Amino acid sequence: PAVVWIGLISYPLYLFHWPALSFVHIVKGDLQRGHAPKPVYIADALLISLILSVTTYYFIEKPIRHHKSRWTIPMLVAAFILVGAIATSIDNDIIPPRYNPPDVSKLSQAAHDADMLGGWTTLKNDIPFYIQKTGGSGKQVLFLGDSNMQQYAPRILTELINNAPYERGALFITESGIPPIPNTYSSEGKSSDRLLKEIREYILSDPRIDRIVISARWCNYFSKPSRWKTDGVALDTPQGEEQALSQLAFLIHQLSLQGRRVYLVLNIPTGLELDPKGFYPRNFIGKIDPKKKILTKENFLKENGAVLDEIASIARRAGAEVIDPMDYLCTNGICIAEDEKGVPIRFDEGHLRPGYVREHVKYLDRTIVP
């Protein structure tokens, strides 16, 4: 009987458990970081699904099924058609799915502006590893790094795409979530080996490469708790940091000795305060909180300044020119969150959106001048 009873409520249970679980993941999880809600919230969602299913079966499904009125079936058909018509109207934007004030619409616009690598000629695509090129076939700039290097691709593409055959071109060799530091590997089995191997091969085989630009979200790899190690030592320890930066310095020094001009780009300011998805948090009933959080340069550097200073110092000593995005993305001590039109300049907490990069991010232009 217990199993039969589960079968009786199985259809409403099927209907209710998806929205309940989705809702608890949205409200109590962290979708950006892939963090699931605590088990207690999952259990609550399933319990609510069960209660709703039982209520639906006994107070809606059974009364309708056993009702003798000749209007029951026509009304069910009419309700079915009405729900379908409403859904179709929403899907075709005849009925807006919800009201969003203009400011909130800008957030949605920014969050969907995330195609960093569109328009490039792809030589290799083994997600999250990419080799891409654009521009002319003359002198080449090699850009290497993680997704924080990929974020600059729209600007480089715009500046070089119309180059004549023998004018300067660009080559991007990037791998998301991988530090461009030799001999580093993560607890999940990822490593910098493939990225650095491809870079060495291209440098050895292409004498046209005269400039190399290195960029990464450096703070991610050195912040506690770090998943990254070098020679068995975690990068969030003094010894691990020293060894990793020594490896980075050696890479820069070797590239400089080969006659290439090397640039190292430090971190952009990052933080949840800068994520457009969190600019206007909604409460349980959907009311928007109009107060925006801000990230100050001081607070960002309080947490990340020491390692960034170390990276800048070793890069300069090894022969690289250091470019600090903080000089361009912070004004009057405040990290810029929106452009002059009020549109967020990022599509998430850690990446500038392509539309903003294309029009405003000019601090890498010096790397691609003739």
# chains A, B, ... in the order shown; residues from 1 in each chain; ligands from 1
$ closest_atom_pairs --of "range 230-314 of chain A" --to "range 218-222 of chain A" --cutoff "8 Å" --atoms "only C-alpha atoms" --output "tab-separated table"
residue	atom	partner	partner_atom	distance
A:Leu235	CA	A:Phe222	CA	5.2
A:Asp236	CA	A:Phe222	CA	4.8
A:Glu241	CA	A:Phe222	CA	7.0
A:Leu266	CA	A:Trp218	CA	7.2
A:Asn267	CA	A:Trp218	CA	6.1
A:Asn304	CA	A:Cys219	CA	6.3
A:Val307	CA	A:Cys219	CA	7.3
A:Leu308	CA	A:Cys219	CA	7.4
$ closest_atom_pairs --of "range 93-125 of chain A" --to "range 332-354 of chain A" --cutoff "7 Å" --atoms "only C-alpha atoms" --output "CSV"
residue,atom,partner,partner_atom,distance
A:Lys106,CA,A:Val343,CA,5.4
A:Leu107,CA,A:Pro344,CA,6.4
A:Ala110,CA,A:Phe347,CA,5.2
A:Ala111,CA,A:Phe347,CA,4.2
A:His112,CA,A:Phe347,CA,6.8
A:Asp113,CA,A:Arg353,CA,5.8
A:Ala114,CA,A:Arg353,CA,5.8
A:Asp115,CA,A:Pro354,CA,6.7
A:Met116,CA,A:Pro354,CA,5.6
$ residues_around --residues "Phe172 in chain A" --least-positions-apart "6" --cutoff "8 Å" --atoms "only C-alpha atoms" --output "mmCIF file with N, CA, C and O atoms, in the first residue's frame"
data_model
loop_
_atom_site.group_PDB
_atom_site.id
_atom_site.type_symbol
_atom_site.label_atom_id
_atom_site.label_comp_id
_atom_site.auth_asym_id
_atom_site.auth_seq_id
_atom_site.Cartn_x
_atom_site.Cartn_y
_atom_site.Cartn_z
ATOM 1 N N TYR A 130 42.686 26.997 -25.665
ATOM 2 C CA TYR A 130 42.469 27.608 -26.973
ATOM 3 C C TYR A 130 43.782 28.118 -27.562
ATOM 4 O O TYR A 130 44.646 28.626 -26.840
ATOM 5 N N ILE A 131 43.902 27.977 -28.890
ATOM 6 C CA ILE A 131 44.942 28.669 -29.639
ATOM 7 C C ILE A 131 44.233 29.388 -30.779
ATOM 8 O O ILE A 131 43.554 28.754 -31.590
ATOM 9 N N GLN A 132 44.373 30.711 -30.829
ATOM 10 C CA GLN A 132 43.653 31.509 -31.813
ATOM 11 C C GLN A 132 44.544 32.622 -32.338
ATOM 12 O O GLN A 132 45.504 33.030 -31.669
ATOM 13 N N LYS A 133 44.220 33.096 -33.546
ATOM 14 C CA LYS A 133 45.039 34.158 -34.135
ATOM 15 C C LYS A 133 44.151 35.172 -34.839
ATOM 16 O O LYS A 133 43.005 34.895 -35.198
ATOM 17 N N LEU A 142 52.425 37.399 -28.914
ATOM 18 C CA LEU A 142 51.866 36.191 -28.314
ATOM 19 C C LEU A 142 51.286 36.551 -26.951
ATOM 20 O O LEU A 142 51.985 37.067 -26.081
ATOM 21 N N PHE A 143 49.987 36.296 -26.795
ATOM 22 C CA PHE A 143 49.295 36.544 -25.536
ATOM 23 C C PHE A 143 49.054 35.202 -24.854
ATOM 24 O O PHE A 143 48.488 34.291 -25.466
ATOM 25 N N LEU A 144 49.489 35.075 -23.607
ATOM 26 C CA LEU A 144 49.305 33.807 -22.913
ATOM 27 C C LEU A 144 48.758 34.044 -21.520
ATOM 28 O O LEU A 144 49.025 35.066 -20.887
ATOM 29 N N GLN A 150 41.973 36.008 -21.775
ATOM 30 C CA GLN A 150 40.915 35.912 -22.788
ATOM 31 C C GLN A 150 40.013 37.139 -22.799
ATOM 32 O O GLN A 150 39.507 37.537 -23.854
#
$ select_by_dssp --residues "range 1-102 of chain A" --states "alpha helix (DSSP H)" --output "PyMOL selection string"
chain A and resi 2-8+10-28+39-56+62-65+72-91+102
$ residues_around --residues "range 250-260 of chain A" --least-positions-apart "3" --cutoff "6 Å" --atoms "only C-alpha atoms" --output "ChimeraX atom specification"
/A:210-211,247,318
$ closest_residue --among "A:Glu303, A:Asp91, A:Glu61, A:Asp365" --to "Ile323 in chain A" --atoms "only C-alpha atoms"
A:Asp365
$ atom_distance --atom1 "CA of Gly7 in chain A" --atom2 "CA of Leu47 in chain A"
16.7 Å
$ atom_distance --atom1 "CA of Leu196 in chain A" --atom2 "CA of Gly319 in chain A"
18.8 Å
$ closest_residue --among "A:Asp93, A:Glu242, A:Asp103, A:Asp126" --to "Tyr280 in chain A" --atoms "only C-alpha atoms"
A:Asp103
$ closest_residue --among "A:Ala306, A:Leu264, A:Ile42, A:Asp324" --to "Ala20 in chain A" --atoms "only C-alpha atoms"
A:Ile42
$ closest_residue --among "A:Gly177, A:Asn92, A:Ser137, A:Gly355" --to "Pro165 in chain A" --atoms "only C-alpha atoms"
A:Ser137
$ closest_residue --among "A:Tyr328, A:Phe23, A:Tyr202, A:Tyr57" --to "Leu8 in chain A" --atoms "only C-alpha atoms"
A:Tyr57
$ residues_around --residues "Ser215 in chain A" --least-positions-apart "6" --cutoff "12 Å" --atoms "only C-alpha atoms" --output "number ranges by chain"
A: 142-153, 172-181, 248, 262-268, 311-312, 315, 322-325, 364
$ atom_distance --atom1 "CA of Cys330 in chain A" --atom2 "CA of Arg358 in chain A"
18.1 Å
$ closest_residue --among "A:Ser53, A:Asn299, A:Ser226, A:Thr134" --to "Gly169 in chain A" --atoms "only C-alpha atoms"
A:Thr134
$ residues_around --residues "Thr56 in chain A" --least-positions-apart "6" --cutoff "9 Å" --atoms "only C-alpha atoms" --output "tab-separated table (two decimals) with C-alpha atoms, in the first residue's frame"
chain	number	residue	atom	x	y	z
A	9	ILE	CA	1.15	11.14	-5.72
A	12	PRO	CA	2.39	16.00	-8.70
A	62	LYS	CA	-9.15	13.50	-6.78
